[in-house]
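Input: a single structure, listed below in structure tokens.
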Amino acid sequence: MPAAGSEGEEGPAGAGGEGAGPGGGGPAGEQAGPGTPKLCGYLQKLSGKGPLRGFRSRWFVFDPRRCYLYYFKGPQEALPLGHLDIASACFSYHQPEAGAAAAADEAAAFEVHSPNGAVAVLKAATRQDMTYWLQELQQKRWEYCNNLDAAKRDSRTSPTPSDFSKGLVAKDSPDLSILSQNASAERARNILAVETSPTDLVGEQAASQPAPVQPSAINFSLKQWSTEIKNSMSSLRKGNNENRKSVFYTTEEWELLDPTPKDLEDSMALEEKRKHLAEGSRGLTGSAFPFDFGRIPHKTRRPLKDMIGSSKNRNSSDSSPTEWYSGNGNKLVSELQLKYQSQQEELEKLKKDLLSQKELVRLLQQTVRSSQYDKYFASRLCEGVPKDKLELLHQKDGQILGLNNQLEKLNLEKDSLQQEVKNLKCKVGELNERLGMLMETIQAKDEVIMKLSRQLSECEDNTSSQSGAVNSSMATCTNKELQELDRLKDNLQGYKTQNKFLNKEILELSALRRNAEAREREWQAKYTSLEAKLCQIESKYLILLQEMKTPVCSEEQSPAREVITQLLEDALKAETSEQPEQAFFKPHLVSEYDIYGFQTVPEDDDEEKLVAKSRALDLRSLSLSENREISTGVKWENYLASTMNREMMRCVELKNLIRSGIPHEHRSKMWKWCVNLHVKKFKDSTVPGYFQTLLQSALEKQNPASKQIELDLLRTLPNNKHYSSPTSEGIQKLRNVLLAFSWRNPDIGYCQGLNRLVAIALLYLEQEDAFWCLVTIVEVFMPRDYYTKTLLGSQVDQRVFKDLMSEKLPRLHAHFEQYKVDYTLITFNWFLVVFVDSVVSDILFKIWDSFLYEGPKVIFRFALALFKYKEEEILKLQDSMSIFKYLRYFTRTILDARKLTGIAFGDLNPFPLRQIRNRRTYHLEKVRLELTELEAIREDFLRERDTCVEKRDLISDDEEDS
């Protein structure tokens with residue numbers, strides 16, 4: 001079982017890196033249910049080792065899906081630093097003595113113990129917050145462990161009941177086994193509970209508060225570097241920082257460098273410019289040496305690393321020991337002190353020698369520079385220059401050197417005067433200290449005089465002073481006793497609260513242990529039952545195989561007939577929940593209904609039953625034979641954990657996850673998020689209670705679409721138990737959503753096909769969310785006139801699909817053309833109801849996952865993928881009747897959702913949406929022209945019928961209905 005996460009442990013990473021929302025808002029806030037506040041806030045966590053160990057402020061968020069307590073560096077971070085497993089942890093805290101020195105630091109600290117011995121120490125801002133956190137974590141652990149199925153608990157992929165689907169499938173999920181809670185344990189827990197409320201540092205509002213000040217500690221951990229860098233990079237913006245360079249200069253330890261002629265030429269050119277800009281002061285302010293060592297090329301500079309190293313060596317040589325340990329007495333200490341003083345004197349002498357040597361080196365450097373300059377100056381200017389001008393220049397140089405020497409002397413005098421001023425200031429400071437000491441001495445003497453005067457006056461009134469002393473001593477003793485009594489009362493109350501909490505902790509852990517033992521006994525009984533059943537089946541098959549190998553009887557008397565009959569009866573027997581006492585011990589490989597409520601085995605034909613059950617077993621074996629479902633679930637858990645502290649946003653990672661399929665337990669939340677993503681602009685423009693207002697108007701007033709809606713309710717999904725009878729819960733919800741939509745969109749009202757779209761949405765969404773899902777499909781995804789009376793948009797899409805078939809699957813398209821098979825008669829319904837009742841339920845909902853996120857392009861992808869999946873089988877058929885018959889049922893034989901998804905999103909690429917839009921526009925004009933011609937023919941026919949007596953009795957079906 002996972003231990004408590006250590007500081008810097010990489011929590012579940014999604015690729016996380018999208019914008020973070022303050023306060024941990026977003027979808028994570030919905031995990032605890034609509035009316036339950038999110039458990040989050042600031043705590044300090046003890047982490048680090050050795051001198052780095054200390055409390056660090058962290059932002060903690062509880063995840064009810066996995067019963068983990070994630071901690072982040074702050075509310076804005078995207079990736080957690082680690083997590084604590086609350087489901088397998090126990091809690092404790094120590095009651096400090098009131099008035100103790102460490103009471104202030106330990107009063108709000110508590111411990112989270114993991115089964116492997118790891119202990120995480122957390123500290124709240126106040127004792128009130130600590131009590132609140134402990135009780136909330138206890139409650140979350142109690143709910144999670146009581147409501148979680150044992151088989152799913154080990155994999156840590158099953159959510160709590162509050163995180164399950166909010167639609168019709170929420171009430172009959174087979175993955176959830178809610179254990180009956182112990183009533184006496186619940187009463188005891190309520191009695192032992194402590195009334196408390198959190199402060200501003202607990203809850204989502206705490207994200208806007210500054211983090212509590214933590215004790216001084218070196219907040220440094222190598223393990224945190226990767227997480228810190230990822231969290232920092234998620235908030236950085238790209239910028240051009242190439243020109244931002246730091247240049248370091250130092251005034252010590254210049255190396256003696258030989259400048260190149262190019263450097264001298266550049267320096268001379270710069271000096272000439274300076275002379276032109278400041279002619280009047282070039283002799284006084286200009287540098288005596290035109291070569292500037294600050295502009296030495298980068299390759300000739302001394303490396304900064306060497307300079308820092310030399311500086312460190314100097315500092316280490318200047319540092320002196322501050323504390324010595326000796327065990328040989330005062331003699332050894334005095335000898336060490338004398339030795340230390342002599343070394344200090346020698347060190348000071350060496351420092352002075354070093355300074356003099358540095359001054360000598362500096363003078364030598366100036367001399368070398370001047371000689372280099374004279375040499376270069378003379379070599380460049382001697383040619384063609386009169387001697388009197390050269391003498392004048394030498395004279396000027398001599399004056400400049402003299403002035404520079406004079407300036408250096410003045411600087412030295414200035415330094416000496418500054419040093420004298422410092423010494424005088426030090427002396428003044430010493431005098432001020434002495435004066436202060438004298439003033440304190442005088443003040444102390446005055447106090448002594450005053451004290452003696454008071455004692456003298458007290459002695460004069462001896463009787464009154466004795467009585468006053470007795471009273472004061474009694475008052476002092478009384479105050480001490482009262483303080484001690486208050487301290488003992490505080491300790492008593494604290495120990496009572498601690499005893500209450502520990503009793504509650506022991507009670508809960510004992511109850512959870514008993515539940516775990518009961519689950520283990522049930523597992524053992526189930527295992528024994530399955531093993532016995534397996535032995536019986538193996539025995540029957542062995543008898544059958546032996547009889548088939550060496551028959552000993554005639555066919556009529558053969559025991560194989562009885563075995564075959566028994567095996568057929570067992571295979572056709574669908575498992576139902578009519579016998580609850582035996583339901584637990586059944587393997588549940590193939591039940592009467594799947595998790596979505598669809599009937600898995602038909603009721604009438606035995607042969608069809610065998611085929612359906614075989615198909616269901618194949619689906620089950622696909623999910624059990626590979627670990628892909630588990631790996632997908634882990635990826636989803638990691639991604640959702642990375643969104644605990646931020647809002648979900650559209651990204652490539654989320655799109656790839658949705659294409660692989662949303663897990664059953666997260667589908668309700670993700671569908672709702674996808675729908676809100678597309679209809680946000682519509683919902684923002686509506687008033688609160690918009691859906692209820694539409695529904696009320698549709699129920700109170702005459703609605704032309706209500707009659708057709710009522711006729712289609714029971715024909716929507718008759719093979720789904722949520723819509724199979726008039727009393728089913730889904731029927732009333734389906735009626736409400738369709739009536740509300742017909743009132744919102746009177747141009748469409750109701751079209752056959754909308755009922756199936758709503759029925760699928762209601763399996764995972766509530767009524768209002770299913771209504772907005774229908775708005776998304778009809779008004780956002782699909783083109784106009786897709787669900788109108790003419791089905792114009794649907795006809796256009798069929799022609800676009802034909803074009804894509806000829807492009808993506810040319811062999812299959814040519815095959816259909818050769819035998820004149822109009823496959824759009826099959827695909828028309830795929831597009832109209834998004835594959836409802838056309839594919840197996842597992843594939844259907846994976847298609848809907850991508851469809852609600854990406855839009856109608858997904859329908860084209862999967863329609864082509866279905867044909868490509870069975871392309872070779874279709875090409876083997878050589879007549880139109882067999883082809884058309886095969887097309888009517890072939891989609892139900894496709895079971896591998898992973899392979900189909902790989903074809904749809906991999907093999908069919910590229911798949912640009914622009915191409916679909918252009919072809920829609922092209923075919924739309926053609927279909928409109930055809931419809932216009934048909935309307936003209938119809939009007940001519942009606943006109944001719946009205947004028948012709950023989951045709952007046954002919955009426956159409958529409959006219960008869962009207």
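Residues are named by chain letter and number: chains run A, B, ... in the order of the structure tokens, numbers start at 1 in each chain, and ligands are numbered from 1 in the order shown.
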Any chance you could list, as a list of chain:residue names, the residues in region 51-132 of chain A that come up alpha helix (DSSP H) when DSSP is run on the backbone?
->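 Checking each residue of region 51-132 of chain A, the alpha helix (DSSP H) ones are A:Ala103, A:Ala104, A:Asp105, A:Glu106, A:Arg127, A:Gln128, A:Asp129, A:Met130, A:Thr131, A:Tyr132.
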Pick from A:Phe801, A:Trp142, A:Trp743, A:Tyr93: nearest to Lys500 (chain A), with only C-alpha atoms counted?
->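 Among the listed residues, A:Tyr93 lies closest to Lys500 (chain A).
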Closest to Leu122 (chain A) among A:Ala814, A:Leu392, A:Leu134, A:Phe62, using only C-alpha atoms?
->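 Checking each of A:Ala814, A:Leu392, A:Leu134, A:Phe62 against Leu122 (chain A), counting only C-alpha atoms, the winner is A:Leu134.
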